[in-house]
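Peer 1: For reference, this is work.cif, and it has mmCIF, C-alpha atoms.
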data_protein
loop_
_atom_site.group_PDB
_atom_site.id
_atom_site.type_symbol
_atom_site.label_atom_id
_atom_site.label_comp_id
_atom_site.auth_asym_id
_atom_site.auth_seq_id
_atom_site.Cartn_x
_atom_site.Cartn_y
_atom_site.Cartn_z
ATOM 1 C CA MET G 1 -13.553 13.570 -15.642
ATOM 2 C CA SER G 2 -11.552 11.340 -13.310
ATOM 3 C CA ASP G 3 -10.278 7.938 -14.318
ATOM 4 C CA GLU G 4 -10.701 5.521 -11.410
ATOM 5 C CA THR G 5 -8.134 3.119 -12.819
ATOM 6 C CA ARG G 6 -5.358 5.733 -12.753
ATOM 7 C CA GLY G 7 -4.672 7.539 -9.509
ATOM 8 C CA PRO G 8 -1.912 9.823 -8.328
ATOM 9 C CA ALA G 9 1.682 9.064 -9.239
ATOM 10 C CA PRO G 10 3.022 6.417 -6.861
ATOM 11 C CA THR G 11 5.781 7.352 -4.435
ATOM 12 C CA TRP G 12 6.798 3.779 -3.549
ATOM 13 C CA GLN G 13 10.396 2.819 -4.224
ATOM 14 C CA PRO G 14 11.841 -0.652 -3.664
ATOM 15 C CA PRO G 15 13.821 -0.690 -0.447
ATOM 16 C CA PRO G 16 17.464 -1.769 -0.655
ATOM 17 C CA ASP G 17 17.946 -5.535 -0.583
ATOM 18 C CA SER G 18 19.119 -5.286 3.025
ATOM 19 C CA GLU G 19 15.750 -3.756 3.996
ATOM 20 C CA GLN G 20 13.537 -6.202 2.092
ATOM 21 C CA SER G 21 11.956 -8.410 4.699
ATOM 22 C CA GLY G 22 9.082 -10.858 4.550
ATOM 23 C CA GLY G 23 8.827 -11.201 8.303
ATOM 24 C CA ASP G 24 7.549 -8.911 10.986
ATOM 25 C CA LEU G 25 9.381 -5.613 11.286
ATOM 26 C CA ASP G 26 10.177 -4.358 14.753
ATOM 27 C CA ALA G 27 9.745 -0.691 15.658
ATOM 28 C CA ALA G 28 13.377 0.161 14.942
ATOM 29 C CA GLU G 29 13.256 -1.485 11.516
ATOM 30 C CA ARG G 30 10.043 0.372 10.660
ATOM 31 C CA ASP G 31 11.575 3.663 11.834
ATOM 32 C CA ASP G 32 14.611 3.070 9.605
ATOM 33 C CA LEU G 33 12.505 2.655 6.468
ATOM 34 C CA PRO G 34 12.097 5.703 4.247
ATOM 35 C CA ALA G 35 8.566 7.036 3.778
ATOM 36 C CA SER G 36 8.752 5.776 0.188
ATOM 37 C CA ALA G 37 8.675 2.182 1.510
ATOM 38 C CA TYR G 38 5.116 2.578 2.831
ATOM 39 C CA ALA G 39 1.742 2.306 1.134
ATOM 40 C CA PHE G 40 0.619 5.339 3.152
ATOM 41 C CA PRO G 41 3.841 7.393 3.218
ATOM 42 C CA ARG G 42 2.566 10.431 5.165
ATOM 43 C CA GLN G 43 1.220 8.233 7.944
ATOM 44 C CA ARG G 44 4.001 5.617 7.601
ATOM 45 C CA LYS G 45 1.408 2.839 7.536
ATOM 46 C CA GLU G 46 1.650 -0.515 5.753
ATOM 47 C CA PRO G 47 5.297 -1.085 4.853
ATOM 48 C CA LEU G 48 5.790 -2.685 1.444
ATOM 49 C CA THR G 49 9.117 -4.476 1.856
ATOM 50 C CA SER G 50 8.171 -7.923 0.499
ATOM 51 C CA ALA G 51 5.466 -9.866 -1.318
ATOM 52 C CA THR G 52 4.087 -10.871 2.091
ATOM 53 C CA HIS G 53 3.769 -7.237 3.139
ATOM 54 C CA VAL G 54 2.062 -6.347 -0.152
ATOM 55 C CA ARG G 55 -0.530 -9.077 0.397
ATOM 56 C CA THR G 56 -1.015 -7.880 3.981
ATOM 57 C CA ALA G 57 -1.510 -4.282 2.805
ATOM 58 C CA LEU G 58 -4.140 -5.453 0.313
ATOM 59 C CA GLY G 59 -5.959 -7.452 2.989
ATOM 60 C CA ARG G 60 -5.888 -4.653 5.565
ATOM 61 C CA PHE G 61 -6.505 -1.732 3.222
ATOM 62 C CA ASP G 62 -10.052 -1.088 4.446
ATOM 63 C CA GLN G 63 -8.905 -1.232 8.092
ATOM 64 C CA VAL G 64 -6.458 1.679 7.875
ATOM 65 C CA SER G 65 -7.917 4.587 9.829
ATOM 66 C CA ASP G 66 -7.389 8.339 9.873
ATOM 67 C CA VAL G 67 -6.613 8.634 6.158
ATOM 68 C CA SER G 68 -8.337 10.609 3.426
ATOM 69 C CA ASP G 69 -9.594 9.376 0.076
ATOM 70 C CA ALA G 70 -6.534 11.028 -1.496
ATOM 71 C CA ASP G 71 -4.302 9.066 0.911
ATOM 72 C CA ARG G 72 -6.098 5.853 -0.091
ATOM 73 C CA ALA G 73 -5.688 6.659 -3.790
ATOM 74 C CA LEU G 74 -1.942 7.177 -3.319
ATOM 75 C CA ALA G 75 -1.627 4.050 -1.179
ATOM 76 C CA PHE G 76 -3.394 1.992 -3.843
ATOM 77 C CA GLU G 77 -0.943 3.191 -6.495
ATOM 78 C CA ASN G 78 1.967 2.430 -4.163
ATOM 79 C CA ILE G 79 0.602 -1.065 -3.499
ATOM 80 C CA ARG G 80 0.080 -1.597 -7.235
ATOM 81 C CA ARG G 81 3.710 -0.628 -7.935
ATOM 82 C CA ALA G 82 5.036 -2.834 -5.108
ATOM 83 C CA ALA G 83 2.842 -5.737 -6.248
ATOM 84 C CA SER G 84 4.340 -5.498 -9.708
ATOM 85 C CA TYR G 85 7.878 -5.377 -8.284
ATOM 86 C CA PHE G 86 7.338 -8.370 -5.955
ATOM 87 C CA ASP G 87 5.242 -10.278 -8.549
ATOM 88 C CA VAL G 88 2.032 -10.279 -6.511
ATOM 89 C CA GLY G 89 -1.126 -10.642 -8.607
ATOM 90 C CA MET G 90 -3.777 -7.950 -8.245
ATOM 91 C CA THR G 91 -7.199 -7.889 -9.856
ATOM 92 C CA GLU G 92 -8.354 -4.644 -8.242
ATOM 93 C CA LYS G 93 -8.456 -1.624 -10.548
ATOM 94 C CA SER G 94 -9.203 1.043 -7.939
ATOM 95 C CA TRP G 95 -8.830 1.524 -4.210
ATOM 96 C CA HIS G 96 -12.625 1.388 -4.051
ATOM 97 C CA ASP G 97 -12.384 -2.312 -4.978
ATOM 98 C CA LEU G 98 -10.612 -2.944 -1.657
ATOM 99 C CA MET G 99 -13.364 -1.384 0.421
ATOM 100 C CA PRO G 100 -16.407 -3.251 1.712
ATOM 101 C CA PRO G 101 -19.610 -2.657 -0.243
ATOM 102 C CA PRO G 102 -21.888 -0.045 1.307
ATOM 103 C CA SER G 103 -24.549 -1.565 3.495
ATOM 104 C CA GLY G 104 -28.080 -1.124 2.222
ATOM 105 C CA GLY G 105 -30.394 0.504 4.536
#
Would you encode the structure as structure tokens?

Peer 2:
Amino acid sequence: MSDETRGPAPTWQPPPDSEQSGGDLDAAERDDLPASAYAFPRQRKEPLTSATHVRTALGRFDQVSDVSDADRALAFENIRRAASYFDVGMTEKSWHDLMPPPSGG
């Protein structure tokens, strides 16, 4: 039986202080980040280098394309870890909570 509140082990690691940035990252800065700095490390999507980036990743979570449910589960755990590190409040317990409700039809 799966536990929706506990996903895969997160891979996110805090970037060095010199790489923590609340502003926009240019392409070179994004390329310099290790995969462990991203919510979606395989795809290198949604860098988590500041509280601002964590909030952005939460807000855009359902817009990330070309990822599997397993990728979303890992990204959620990475976001949860980064949110804790950067002191960003989260009420969501599962990545499913960040997705729009299914439309009735």

Peer 1: Within 12 Å of G:Asp69, counting only C-alpha atoms, which residues show up once you throw out same-chain ones fewer than 6 positions away? Write them as a PDB file with C-alpha atoms, in the coordinates of the input, please.

Peer 2:
ATOM      1  CA  GLY G   7      -4.672   7.539  -9.509  1.00  0.00           C
ATOM      2  CA  PRO G   8      -1.912   9.823  -8.328  1.00  0.00           C
ATOM      3  CA  PHE G  40       0.619   5.339   3.152  1.00  0.00           C
ATOM      4  CA  PHE G  61      -6.505  -1.732   3.222  1.00  0.00           C
ATOM      5  CA  ASP G  62     -10.052  -1.088   4.446  1.00  0.00           C
ATOM      6  CA  ALA G  75      -1.627   4.050  -1.179  1.00  0.00           C
ATOM      7  CA  PHE G  76      -3.394   1.992  -3.843  1.00  0.00           C
ATOM      8  CA  SER G  94      -9.203   1.043  -7.939  1.00  0.00           C
ATOM      9  CA  TRP G  95      -8.830   1.524  -4.210  1.00  0.00           C
ATOM     10  CA  HIS G  96     -12.625   1.388  -4.051  1.00  0.00           C
ATOM     11  CA  MET G  99     -13.364  -1.384   0.421  1.00  0.00           C
TER      12      MET G  99
END

Peer 1: Could you write out as a VMD selection string the residues that the PyMOL selection byres ((chain G and resi 48) around 12) matches in the shown file?

Peer 2: chain G and resid 11 to 16 19 to 25 30 33 to 41 44 to 47 49 to 58 75 to 86 88

Peer 1: Just the number, please: distance in Å from atom CA of G:Asp26 to atom CA of G:Ala73, one decimal.

Peer 2: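 Answer for the atom CA of G:Asp26 to atom CA of G:Ala73 separation: 26.8 Å.
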
Peer 1: In Å to one decimal, how far is atom CA of G:Ala70 from atom CA of G:Asp97?

Peer 2: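 Atom CA of G:Ala70 lies 15.0 Å from atom CA of G:Asp97.
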
Peer 1: Please indicate the distance in Å from atom CA of G:Arg42 to atom CA of G:Asp87, rounded to one decimal place.

Peer 2: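 We find that atom CA of G:Arg42 and atom CA of G:Asp87 lie 25.0 Å from each other.
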
Peer 1: Starting from 3 Å padding per side, set up an axis-aligned box that covers all listed atoms of stretch 88-95 of chain G and hand over centre and edge lengths in Å, one decimal, as lines of an AutoDock Vina configuration file.

Peer 2:
center_x = -3.6
center_y = -4.6
center_z = -7.4
size_x = 17.2
size_y = 18.2
size_z = 12.3
